[in-house]
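Text of data33.pdb, listed as PDB, C-alpha atoms:
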```pdb
ATOM      1  CA  MET A   1      19.480 -16.861   6.280
ATOM      2  CA  ARG A   2      19.275 -17.663   2.627
ATOM      3  CA  LYS A   3      15.578 -16.902   2.629
ATOM      4  CA  ALA A   4      14.004 -14.761   5.299
ATOM      5  CA  GLY A   5      10.547 -16.073   4.606
ATOM      6  CA  LEU A   6      10.720 -19.165   6.777
ATOM      7  CA  THR A   7      11.536 -19.062  10.478
ATOM      8  CA  LEU A   8       8.612 -21.215  11.509
ATOM      9  CA  ALA A   9       9.359 -24.815  12.346
ATOM     10  CA  LEU A  10       7.571 -27.776  10.825
ATOM     11  CA  LEU A  11       6.108 -30.328  13.235
ATOM     12  CA  ALA A  12       5.419 -33.936  12.368
ATOM     13  CA  VAL A  13       4.240 -36.834  14.495
ATOM     14  CA  ALA A  14       6.759 -39.625  14.316
ATOM     15  CA  SER A  15       5.593 -43.184  13.761
ATOM     16  CA  SER A  16       6.525 -44.549  17.173
ATOM     17  CA  ALA A  17       4.159 -45.396  20.008
ATOM     18  CA  VAL A  18       3.959 -47.791  22.940
ATOM     19  CA  TRP A  19       1.926 -50.110  20.757
ATOM     20  CA  ALA A  20       0.865 -50.257  17.137
ATOM     21  CA  GLN A  21      -1.800 -52.315  15.470
ATOM     22  CA  LYS A  22      -3.722 -52.122  12.207
ATOM     23  CA  GLY A  23      -7.339 -51.272  12.817
ATOM     24  CA  SER A  24     -10.582 -51.392  10.961
ATOM     25  CA  ILE A  25     -11.914 -48.836   8.494
ATOM     26  CA  PRO A  26     -12.895 -45.593  10.290
ATOM     27  CA  ASP A  27     -16.581 -45.604  11.173
ATOM     28  CA  GLN A  28     -17.053 -41.841  11.386
ATOM     29  CA  LEU A  29     -16.468 -38.841   9.153
ATOM     30  CA  TYR A  30     -14.261 -35.942  10.156
ATOM     31  CA  HIS A  31     -15.542 -32.366   9.941
ATOM     32  CA  GLN A  32     -13.834 -29.163  11.005
ATOM     33  CA  THR A  33     -15.546 -26.959  13.544
ATOM     34  CA  PRO A  34     -14.847 -23.335  14.552
ATOM     35  CA  ASP A  35     -13.527 -22.263  17.929
ATOM     36  CA  SER A  36     -15.625 -20.490  20.553
ATOM     37  CA  ASP A  37     -15.273 -17.228  18.606
ATOM     38  CA  GLY A  38     -16.539 -18.803  15.390
ATOM     39  CA  VAL A  39     -13.068 -18.822  13.812
ATOM     40  CA  TYR A  40     -11.689 -21.720  11.765
ATOM     41  CA  PHE A  41      -8.145 -22.884  11.159
ATOM     42  CA  VAL A  42      -6.856 -23.904   7.741
ATOM     43  CA  GLY A  43      -7.433 -27.618   7.214
ATOM     44  CA  PRO A  44      -8.788 -30.336   4.943
ATOM     45  CA  GLU A  45     -12.149 -28.580   4.588
ATOM     46  CA  VAL A  46     -11.105 -24.953   5.067
ATOM     47  CA  SER A  47      -8.946 -23.155   2.513
ATOM     48  CA  ALA A  48      -6.363 -20.578   3.493
ATOM     49  CA  PRO A  49      -7.016 -16.884   2.900
ATOM     50  CA  THR A  50      -4.910 -15.273   0.191
ATOM     51  CA  LEU A  51      -3.402 -11.842  -0.303
ATOM     52  CA  ALA A  52      -5.283 -10.198  -3.150
ATOM     53  CA  HIS A  53      -3.308  -6.966  -2.895
ATOM     54  CA  PRO A  54      -0.317  -6.979  -0.521
ATOM     55  CA  VAL A  55       0.951  -3.561   0.545
ATOM     56  CA  PRO A  56       4.683  -3.292   1.335
ATOM     57  CA  ALA A  57       5.858  -1.993   4.686
ATOM     58  CA  ILE A  58       7.184   1.560   4.775
ATOM     59  CA  TYR A  59      10.735   2.017   6.045
ATOM     60  CA  THR A  60      11.443   4.939   8.356
ATOM     61  CA  ASP A  61      14.852   6.629   8.568
ATOM     62  CA  GLU A  62      15.298   4.943  11.955
ATOM     63  CA  MET A  63      14.738   1.515  10.442
ATOM     64  CA  VAL A  64      17.180   2.147   7.591
ATOM     65  CA  LYS A  65      19.889   3.392   9.947
ATOM     66  CA  SER A  66      19.476   0.372  12.250
ATOM     67  CA  LYS A  67      20.572  -2.058   9.512
ATOM     68  CA  VAL A  68      18.296  -4.685  11.076
ATOM     69  CA  ALA A  69      17.109  -7.647   8.992
ATOM     70  CA  GLY A  70      14.598 -10.293   9.982
ATOM     71  CA  MET A  71      10.896 -10.992  10.152
ATOM     72  CA  SER A  72       7.908  -9.673  12.015
ATOM     73  CA  THR A  73       5.369 -12.508  12.392
ATOM     74  CA  TRP A  74       1.726 -11.964  13.294
ATOM     75  CA  LEU A  75      -1.247 -14.184  14.057
ATOM     76  CA  LEU A  76      -4.572 -12.710  12.997
ATOM     77  CA  VAL A  77      -8.057 -13.475  11.763
ATOM     78  CA  ILE A  78      -9.125 -12.844   8.177
ATOM     79  CA  ARG A  79     -12.860 -12.273   8.370
ATOM     80  CA  ALA A  80     -15.344 -13.637   5.871
ATOM     81  CA  ASP A  81     -15.424 -10.188   4.234
ATOM     82  CA  GLY A  82     -11.613 -10.182   3.825
ATOM     83  CA  THR A  83     -10.935  -7.790   6.710
ATOM     84  CA  PRO A  84      -7.838  -8.486   8.879
ATOM     85  CA  THR A  85      -8.517  -8.248  12.618
ATOM     86  CA  ASP A  86      -7.411  -9.488  16.059
ATOM     87  CA  ALA A  87      -3.712  -9.234  15.166
ATOM     88  CA  HIS A  88      -1.018  -9.976  17.720
ATOM     89  CA  VAL A  89       2.692 -10.459  17.231
ATOM     90  CA  VAL A  90       4.132 -13.947  17.725
ATOM     91  CA  GLN A  91       7.699 -13.161  16.646
ATOM     92  CA  ALA A  92       8.783  -9.578  17.199
ATOM     93  CA  LEU A  93      11.603  -7.824  15.375
ATOM     94  CA  GLY A  94      11.488  -4.537  17.239
ATOM     95  CA  THR A  95       9.012  -1.705  17.710
ATOM     96  CA  PRO A  96       9.535   0.277  14.471
ATOM     97  CA  PHE A  97       9.595  -2.870  12.350
ATOM     98  CA  ASP A  98       6.622  -4.506  14.048
ATOM     99  CA  GLN A  99       4.591  -1.305  13.749
ATOM    100  CA  ALA A 100       5.482  -0.991  10.068
ATOM    101  CA  ALA A 101       4.545  -4.650   9.586
ATOM    102  CA  VAL A 102       1.096  -4.427  11.162
ATOM    103  CA  ASP A 103       0.408  -1.182   9.287
ATOM    104  CA  ALA A 104       1.239  -2.965   6.020
ATOM    105  CA  ILE A 105      -0.996  -5.889   6.973
ATOM    106  CA  ASN A 106      -3.920  -3.603   7.787
ATOM    107  CA  ARG A 107      -3.555  -1.782   4.456
ATOM    108  CA  SER A 108      -3.384  -5.015   2.447
ATOM    109  CA  LYS A 109      -6.416  -6.614   0.801
ATOM    110  CA  PHE A 110      -7.262 -10.257   1.499
ATOM    111  CA  GLU A 111      -9.457 -12.904  -0.066
ATOM    112  CA  PRO A 112     -11.119 -14.886   2.743
ATOM    113  CA  GLY A 113     -10.717 -18.594   3.373
ATOM    114  CA  LYS A 114     -13.664 -20.793   2.495
ATOM    115  CA  LEU A 115     -15.528 -23.769   3.896
ATOM    116  CA  THR A 116     -17.343 -25.740   1.173
ATOM    117  CA  GLY A 117     -17.218 -22.639  -1.018
ATOM    118  CA  LYS A 118     -18.575 -20.250   1.618
ATOM    119  CA  PRO A 119     -16.317 -17.491   3.049
ATOM    120  CA  VAL A 120     -15.585 -17.968   6.769
ATOM    121  CA  ASP A 121     -13.399 -16.384   9.441
ATOM    122  CA  VAL A 122      -9.968 -18.071   9.398
ATOM    123  CA  ARG A 123      -6.970 -17.585  11.695
ATOM    124  CA  VAL A 124      -3.609 -17.489   9.916
ATOM    125  CA  GLY A 125      -0.126 -16.098  10.278
ATOM    126  CA  VAL A 126       1.191 -13.207   8.233
ATOM    127  CA  ILE A 127       4.929 -12.613   7.939
ATOM    128  CA  VAL A 128       6.588  -9.374   6.868
ATOM    129  CA  PRO A 129      10.277  -9.890   5.994
ATOM    130  CA  PHE A 130      12.694  -6.991   6.334
ATOM    131  CA  ARG A 131      15.914  -7.293   4.344
ATOM    132  CA  TYR A 132      18.327  -4.429   4.816
ATOM    133  CA  GLY A 133      18.776  -2.499   1.589
ATOM    134  CA  LYS A 134      16.152  -4.574  -0.230
ATOM    135  CA  TYR A 135      12.690  -3.247  -0.935
ATOM    136  CA  PRO A 136       9.805  -3.847  -0.734
ATOM    137  CA  SER A 137       9.034  -5.743   2.454
ATOM    138  CA  THR A 138       5.842  -7.405   1.288
ATOM    139  CA  PRO A 139       3.585  -9.424   3.647
ATOM    140  CA  PHE A 140       2.851 -13.067   2.910
ATOM    141  CA  ILE A 141       0.570 -15.619   4.542
ATOM    142  CA  ALA A 142       1.945 -18.522   6.589
ATOM    143  CA  VAL A 143      -0.162 -21.293   8.112
ATOM    144  CA  ILE A 144       1.029 -21.314  11.724
ATOM    145  CA  GLU A 145      -1.786 -23.453  13.138
ATOM    146  CA  ARG A 146      -3.547 -26.124  11.137
ATOM    147  CA  ASP A 147      -6.392 -28.602  11.618
ATOM    148  CA  LEU A 148      -5.823 -32.134  10.328
ATOM    149  CA  ASP A 149      -8.101 -35.022   9.455
ATOM    150  CA  PRO A 150      -6.902 -37.827  11.757
ATOM    151  CA  THR A 151      -8.537 -40.513   9.634
ATOM    152  CA  ALA A 152      -6.247 -39.524   6.755
ATOM    153  CA  ASN A 153      -3.324 -40.794   8.850
ATOM    154  CA  GLY A 154      -4.990 -44.100   9.675
ATOM    155  CA  TRP A 155      -6.755 -43.254  12.922
ATOM    156  CA  ASN A 156      -9.928 -45.194  13.597
ATOM    157  CA  SER A 157     -12.161 -45.921  16.552
ATOM    158  CA  ALA A 158     -11.194 -49.592  16.847
ATOM    159  CA  ASN A 159      -7.405 -49.929  17.102
ATOM    160  CA  SER A 160      -4.966 -47.179  16.219
ATOM    161  CA  GLN A 161      -2.152 -44.940  17.361
ATOM    162  CA  PRO A 162      -2.827 -41.314  18.341
ATOM    163  CA  ALA A 163      -3.375 -39.005  15.381
ATOM    164  CA  ALA A 164      -2.968 -35.244  15.410
ATOM    165  CA  THR A 165      -6.065 -33.125  14.814
ATOM    166  CA  HIS A 166      -4.351 -29.762  15.362
ATOM    167  CA  THR A 167      -0.704 -28.753  14.958
ATOM    168  CA  VAL A 168       1.190 -25.590  15.796
ATOM    169  CA  SER A 169       4.407 -24.394  14.191
ATOM    170  CA  ALA A 170       7.248 -23.271  16.417
ATOM    171  CA  SER A 171       9.231 -20.059  15.988
ATOM    172  CA  PHE A 172      13.004 -19.975  15.942
ATOM    173  CA  SER A 173      14.717 -18.622  19.048
ATOM    174  CA  SER A 174      16.471 -15.276  18.596
ATOM    175  CA  ASP A 175      19.874 -16.931  19.169
ATOM    176  CA  ALA A 176      19.193 -19.526  16.475
ATOM    177  CA  ILE A 177      18.129 -16.862  13.978
ATOM    178  CA  LYS A 178      21.298 -14.849  14.525
ATOM    179  CA  ALA A 179      23.476 -17.950  14.198
ATOM    180  CA  ARG A 180      21.517 -19.306  11.204
ATOM    181  CA  TYR A 181      21.286 -22.529  13.192
ATOM    182  CA  GLN A 182      19.011 -25.400  12.232
ATOM    183  CA  GLY A 183      18.212 -28.945  13.267
ATOM    184  CA  ILE A 184      15.494 -31.400  14.290
ATOM    185  CA  ALA A 185      14.367 -31.857  17.896
ATOM    186  CA  LEU A 186      12.532 -35.003  18.960
ATOM    187  CA  ILE A 187       9.934 -34.575  21.698
ATOM    188  CA  SER A 188       8.380 -37.547  23.505
ATOM    189  CA  THR A 189       4.913 -37.004  24.965
ATOM    190  CA  LEU A 190       2.223 -39.143  26.533
ATOM    191  CA  VAL A 191      -1.107 -38.573  24.764
ATOM    192  CA  GLY A 192      -3.921 -39.152  27.242
ATOM    193  CA  THR A 193      -7.341 -40.644  26.660
ATOM    194  CA  ASP A 194      -8.640 -37.082  26.218
ATOM    195  CA  GLY A 195      -6.262 -36.522  23.292
ATOM    196  CA  LEU A 196      -4.170 -33.952  25.167
ATOM    197  CA  PRO A 197      -0.369 -34.161  25.216
ATOM    198  CA  GLY A 198       0.940 -34.820  28.718
ATOM    199  CA  ALA A 199       4.373 -35.182  30.285
ATOM    200  CA  MET A 200       7.119 -34.367  27.796
ATOM    201  CA  HIS A 201      10.838 -34.775  27.532
ATOM    202  CA  VAL A 202      13.378 -34.112  24.812
ATOM    203  CA  THR A 203      14.763 -37.364  23.440
ATOM    204  CA  ARG A 204      16.921 -35.680  20.791
ATOM    205  CA  PRO A 205      18.003 -32.171  21.812
ATOM    206  CA  ILE A 206      19.460 -29.602  19.422
ATOM    207  CA  GLY A 207      20.213 -26.688  21.767
ATOM    208  CA  MET A 208      20.272 -22.937  21.017
ATOM    209  CA  GLY A 209      17.061 -22.519  23.005
ATOM    210  CA  LEU A 210      15.091 -24.517  20.428
ATOM    211  CA  ASP A 211      14.297 -27.529  22.635
ATOM    212  CA  GLN A 212      12.047 -25.504  24.942
ATOM    213  CA  VAL A 213      10.484 -23.765  21.945
ATOM    214  CA  ALA A 214       9.667 -27.200  20.516
ATOM    215  CA  ILE A 215       8.113 -28.363  23.788
ATOM    216  CA  ASP A 216       5.985 -25.220  24.011
ATOM    217  CA  ALA A 217       4.652 -25.863  20.497
ATOM    218  CA  VAL A 218       3.884 -29.545  21.117
ATOM    219  CA  LYS A 219       1.919 -28.586  24.238
ATOM    220  CA  ARG A 220      -0.596 -26.927  21.923
ATOM    221  CA  TYR A 221      -1.045 -30.026  19.741
ATOM    222  CA  ARG A 222      -4.373 -31.835  19.891
ATOM    223  CA  PHE A 223      -4.928 -35.517  19.074
ATOM    224  CA  ARG A 224      -7.464 -38.245  18.644
ATOM    225  CA  PRO A 225      -6.328 -40.669  21.350
ATOM    226  CA  ALA A 226      -4.932 -44.117  20.783
ATOM    227  CA  MET A 227      -7.631 -46.769  20.602
ATOM    228  CA  ARG A 228      -7.530 -50.405  21.669
ATOM    229  CA  ASP A 229     -10.560 -52.580  21.018
ATOM    230  CA  GLY A 230     -12.709 -49.456  20.740
ATOM    231  CA  THR A 231     -11.517 -47.931  24.025
ATOM    232  CA  PRO A 232      -9.260 -44.831  24.332
ATOM    233  CA  VAL A 233      -5.908 -45.635  25.945
ATOM    234  CA  PRO A 234      -2.849 -43.492  26.753
ATOM    235  CA  ALA A 235       0.067 -43.869  24.361
ATOM    236  CA  GLN A 236       3.594 -42.512  24.196
ATOM    237  CA  ILE A 237       4.552 -40.931  20.878
ATOM    238  CA  ASN A 238       7.448 -38.975  19.422
ATOM    239  CA  VAL A 239       6.997 -35.644  17.677
ATOM    240  CA  GLU A 240       9.673 -34.316  15.344
ATOM    241  CA  VAL A 241      10.121 -30.549  15.361
ATOM    242  CA  SER A 242      12.209 -29.462  12.382
ATOM    243  CA  PHE A 243      13.871 -26.060  12.464
ATOM    244  CA  LEU A 244      15.024 -25.587   8.896
ATOM    245  CA  ILE A 245      16.277 -22.587   6.952
ATOM    246  CA  TYR A 246      15.337 -22.776   3.276
TER     247      TYR A 246
END
```
Take the structure in the file and write it out as structure tokens.
Amino acid sequence: MRKAGLTLALLAVASSAVWAQKGSIPDQLYHQTPDSDGVYFVGPEVSAPTLAHPVPAIYTDEMVKSKVAGMSTWLLVIRADGTPTDAHVVQALGTPFDQAAVDAINRSKFEPGKLTGKPVDVRVGVIVPFRYGKYPSTPFIAVIERDLDPTANGWNSANSQPAATHTVSASFSSDAIKARYQGIALISTLVGTDGLPGAMHVTRPIGMGLDQVAIDAVKRYRFRPAMRDGTPVPAQINVEVSFLIY
């Protein structure tokens, strides 16, 4: 890969649906809320944490001899006091590398994310790239899951298409990473009246194991449902999942 820092896919809701109609001005304000653990996602009202003092990962002799290059990707919570916690790997590189990555993350210093100027617990991704023969392997923050303001994309409670309120990035498959393969998958899903994505199928496949990865990511999307005359209705939409190497 030309740049090891990006193996997460970008997801975007395409502009197609079973019906489309201009609606009235939204009659309610959008506000982000925490999950059941009191943790926020980055979004229109919540800023992302930052790395105040990143600490590079330490290479062992085993890691150097392996000549492995790639990324160890973690999802964790940055507490309101800047402490990293609740870390779990979402894209593993191998035991010595993943252990070195999480050790580097735990030694790094973070500035917390904020809601209206007040520090809050925020869940983010942290990536540690390992490039053979290149030091240091310094962690950086990636927004893997994000809250969105649906009204910013035209959703309203009168007449509108579904609008995403929460998106999840997809990770490259191991085969795609090795082959430096990229492309854009198109996933069709039926968004129900509860805003949950339902039955899915791939309308534009790209192969290399990425189509299933894209489906798994879209399953974790959340939406405001389509509205017709003030009533939620099911609507079919397309979601583009772009696997790009920058």
Restricting to all atoms listed in the file, whichever of A:Phe172, A:Tyr59, A:Pro84, A:Gly125 is closest to Gln99 in chain A is A:Tyr59
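Counting all atoms listed in the file and comparing A:Ile144, A:Ile237, A:Ala176, A:Ala185, the residue that lies closest to Pro197 in chain A is A:Ile237.
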Please evaluate the PyMOL selection byres ((chain A and resi 182) around 6) against the structure above and give the resulting residues as a short mmCIF file (atom, residue, chain, number, x, y, z; two decimals) with C-alpha atoms, keeping the file's coordinate frame.
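What follows is the written file out30.cif:
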```cif
data_model
loop_
_atom_site.label_atom_id
_atom_site.label_comp_id
_atom_site.auth_asym_id
_atom_site.auth_seq_id
_atom_site.Cartn_x
_atom_site.Cartn_y
_atom_site.Cartn_z
CA TYR A 181 21.29 -22.53 13.19
CA GLY A 183 18.21 -28.94 13.27
CA PHE A 243 13.87 -26.06 12.46
CA LEU A 244 15.02 -25.59 8.90
#
```
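Comparing A:Pro136, A:Glu45, A:Lys178, A:Asp194 by their smallest distance to Gly117 in chain A, the closest is A:Glu45 (using only C-alpha atoms).
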Residue neighbourhood Asp37 in chain A, 12 Å, only C-alpha atoms, exclusion window fewer than 5 positions, as a list in words: Val77, Arg79, Asp86, Val120, Asp121, Val122 and Arg123 of chain A
Neighbour residues at most 12 Å from (-8.0, -39.8, 24.7) (only C-alpha atoms) as a list of chain:residue names: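 The residues near that point, listed by chain and number, are A:Ser157, A:Ser160, A:Gln161, A:Pro162, A:Ala163, A:Ala164, A:Leu190, A:Val191, A:Gly192, A:Thr193, A:Asp194, A:Gly195, A:Leu196, A:Pro197, A:Gly198, A:Arg222, A:Phe223, A:Arg224, A:Pro225, A:Ala226, A:Met227, A:Arg228, A:Gly230, A:Thr231, A:Pro232, A:Val233, A:Pro234, A:Ala235, A:Gln236.
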Go ahead and save the picked residues with C-alpha atoms, as an mmCIF file, in the coordinates of the input.
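Just written: part18.cif:
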```cif
data_model
loop_
_atom_site.group_PDB
_atom_site.id
_atom_site.type_symbol
_atom_site.label_atom_id
_atom_site.label_comp_id
_atom_site.auth_asym_id
_atom_site.auth_seq_id
_atom_site.Cartn_x
_atom_site.Cartn_y
_atom_site.Cartn_z
ATOM 1 C CA SER A 157 -12.161 -45.921 16.552
ATOM 2 C CA SER A 160 -4.966 -47.179 16.219
ATOM 3 C CA GLN A 161 -2.152 -44.940 17.361
ATOM 4 C CA PRO A 162 -2.827 -41.314 18.341
ATOM 5 C CA ALA A 163 -3.375 -39.005 15.381
ATOM 6 C CA ALA A 164 -2.968 -35.244 15.410
ATOM 7 C CA LEU A 190 2.223 -39.143 26.533
ATOM 8 C CA VAL A 191 -1.107 -38.573 24.764
ATOM 9 C CA GLY A 192 -3.921 -39.152 27.242
ATOM 10 C CA THR A 193 -7.341 -40.644 26.660
ATOM 11 C CA ASP A 194 -8.640 -37.082 26.218
ATOM 12 C CA GLY A 195 -6.262 -36.522 23.292
ATOM 13 C CA LEU A 196 -4.170 -33.952 25.167
ATOM 14 C CA PRO A 197 -0.369 -34.161 25.216
ATOM 15 C CA GLY A 198 0.940 -34.820 28.718
ATOM 16 C CA ARG A 222 -4.373 -31.835 19.891
ATOM 17 C CA PHE A 223 -4.928 -35.517 19.074
ATOM 18 C CA ARG A 224 -7.464 -38.245 18.644
ATOM 19 C CA PRO A 225 -6.328 -40.669 21.350
ATOM 20 C CA ALA A 226 -4.932 -44.117 20.783
ATOM 21 C CA MET A 227 -7.631 -46.769 20.602
ATOM 22 C CA ARG A 228 -7.530 -50.405 21.669
ATOM 23 C CA GLY A 230 -12.709 -49.456 20.740
ATOM 24 C CA THR A 231 -11.517 -47.931 24.025
ATOM 25 C CA PRO A 232 -9.260 -44.831 24.332
ATOM 26 C CA VAL A 233 -5.908 -45.635 25.945
ATOM 27 C CA PRO A 234 -2.849 -43.492 26.753
ATOM 28 C CA ALA A 235 0.067 -43.869 24.361
ATOM 29 C CA GLN A 236 3.594 -42.512 24.196
#
```
Can you tell me, as a list of chain:residue names, which residues sit within 12 Å of (18.7, 3.0, 6.5) in the file's frame, using all atoms listed in the file? A:Ile58, A:Tyr59, A:Thr60, A:Asp61, A:Glu62, A:Met63, A:Val64, A:Lys65, A:Ser66, A:Lys67, A:Val68, A:Ala69, A:Phe130, A:Arg131, A:Tyr132, A:Gly133, A:Lys134, A:Tyr135
Quick one: range 167-184 of chain A with N, CA and C atoms, as a PDB file, in the coordinates of the input?
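So the final result, stored in part.pdb, reads:
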```pdb
ATOM      1  N   THR A 167      -2.140 -28.934  14.776  1.00  0.00           N
ATOM      2  CA  THR A 167      -0.704 -28.753  14.958  1.00  0.00           C
ATOM      3  C   THR A 167      -0.371 -27.269  14.994  1.00  0.00           C
ATOM      4  N   VAL A 168       0.741 -26.969  15.628  1.00  0.00           N
ATOM      5  CA  VAL A 168       1.190 -25.590  15.796  1.00  0.00           C
ATOM      6  C   VAL A 168       2.665 -25.508  15.428  1.00  0.00           C
ATOM      7  N   SER A 169       3.006 -24.577  14.557  1.00  0.00           N
ATOM      8  CA  SER A 169       4.407 -24.394  14.191  1.00  0.00           C
ATOM      9  C   SER A 169       5.143 -23.644  15.288  1.00  0.00           C
ATOM     10  N   ALA A 170       6.411 -23.929  15.409  1.00  0.00           N
ATOM     11  CA  ALA A 170       7.248 -23.271  16.417  1.00  0.00           C
ATOM     12  C   ALA A 170       8.093 -22.193  15.753  1.00  0.00           C
ATOM     13  N   SER A 171       8.373 -21.127  16.484  1.00  0.00           N
ATOM     14  CA  SER A 171       9.231 -20.059  15.988  1.00  0.00           C
ATOM     15  C   SER A 171      10.671 -20.311  16.411  1.00  0.00           C
ATOM     16  N   PHE A 172      11.600 -19.885  15.577  1.00  0.00           N
ATOM     17  CA  PHE A 172      13.004 -19.975  15.942  1.00  0.00           C
ATOM     18  C   PHE A 172      13.287 -19.097  17.158  1.00  0.00           C
ATOM     19  N   SER A 173      14.243 -19.501  17.982  1.00  0.00           N
ATOM     20  CA  SER A 173      14.717 -18.622  19.048  1.00  0.00           C
ATOM     21  C   SER A 173      15.563 -17.518  18.422  1.00  0.00           C
ATOM     22  N   SER A 174      15.695 -16.404  19.132  1.00  0.00           N
ATOM     23  CA  SER A 174      16.471 -15.276  18.596  1.00  0.00           C
ATOM     24  C   SER A 174      17.935 -15.666  18.390  1.00  0.00           C
ATOM     25  N   ASP A 175      18.484 -16.495  19.307  1.00  0.00           N
ATOM     26  CA  ASP A 175      19.874 -16.931  19.169  1.00  0.00           C
ATOM     27  C   ASP A 175      20.061 -17.785  17.917  1.00  0.00           C
ATOM     28  N   ALA A 176      19.094 -18.656  17.645  1.00  0.00           N
ATOM     29  CA  ALA A 176      19.193 -19.526  16.475  1.00  0.00           C
ATOM     30  C   ALA A 176      19.104 -18.721  15.181  1.00  0.00           C
ATOM     31  N   ILE A 177      18.255 -17.694  15.173  1.00  0.00           N
ATOM     32  CA  ILE A 177      18.129 -16.862  13.978  1.00  0.00           C
ATOM     33  C   ILE A 177      19.446 -16.154  13.687  1.00  0.00           C
ATOM     34  N   LYS A 178      20.037 -15.575  14.711  1.00  0.00           N
ATOM     35  CA  LYS A 178      21.298 -14.849  14.525  1.00  0.00           C
ATOM     36  C   LYS A 178      22.411 -15.772  14.048  1.00  0.00           C
ATOM     37  N   ALA A 179      22.423 -17.004  14.554  1.00  0.00           N
ATOM     38  CA  ALA A 179      23.476 -17.950  14.198  1.00  0.00           C
ATOM     39  C   ALA A 179      23.161 -18.739  12.930  1.00  0.00           C
ATOM     40  N   ARG A 180      21.966 -18.531  12.374  1.00  0.00           N
ATOM     41  CA  ARG A 180      21.517 -19.306  11.204  1.00  0.00           C
ATOM     42  C   ARG A 180      21.619 -20.804  11.503  1.00  0.00           C
ATOM     43  N   TYR A 181      21.176 -21.155  12.684  1.00  0.00           N
ATOM     44  CA  TYR A 181      21.286 -22.529  13.192  1.00  0.00           C
ATOM     45  C   TYR A 181      20.022 -23.300  12.872  1.00  0.00           C
ATOM     46  N   GLN A 182      20.170 -24.575  12.521  1.00  0.00           N
ATOM     47  CA  GLN A 182      19.011 -25.400  12.232  1.00  0.00           C
ATOM     48  C   GLN A 182      19.234 -26.831  12.695  1.00  0.00           C
ATOM     49  N   GLY A 183      18.133 -27.565  12.807  1.00  0.00           N
ATOM     50  CA  GLY A 183      18.212 -28.945  13.267  1.00  0.00           C
ATOM     51  C   GLY A 183      16.820 -29.495  13.524  1.00  0.00           C
ATOM     52  N   ILE A 184      16.766 -30.729  14.022  1.00  0.00           N
ATOM     53  CA  ILE A 184      15.494 -31.400  14.290  1.00  0.00           C
ATOM     54  C   ILE A 184      15.487 -31.900  15.724  1.00  0.00           C
TER      55      ILE A 184
END
```
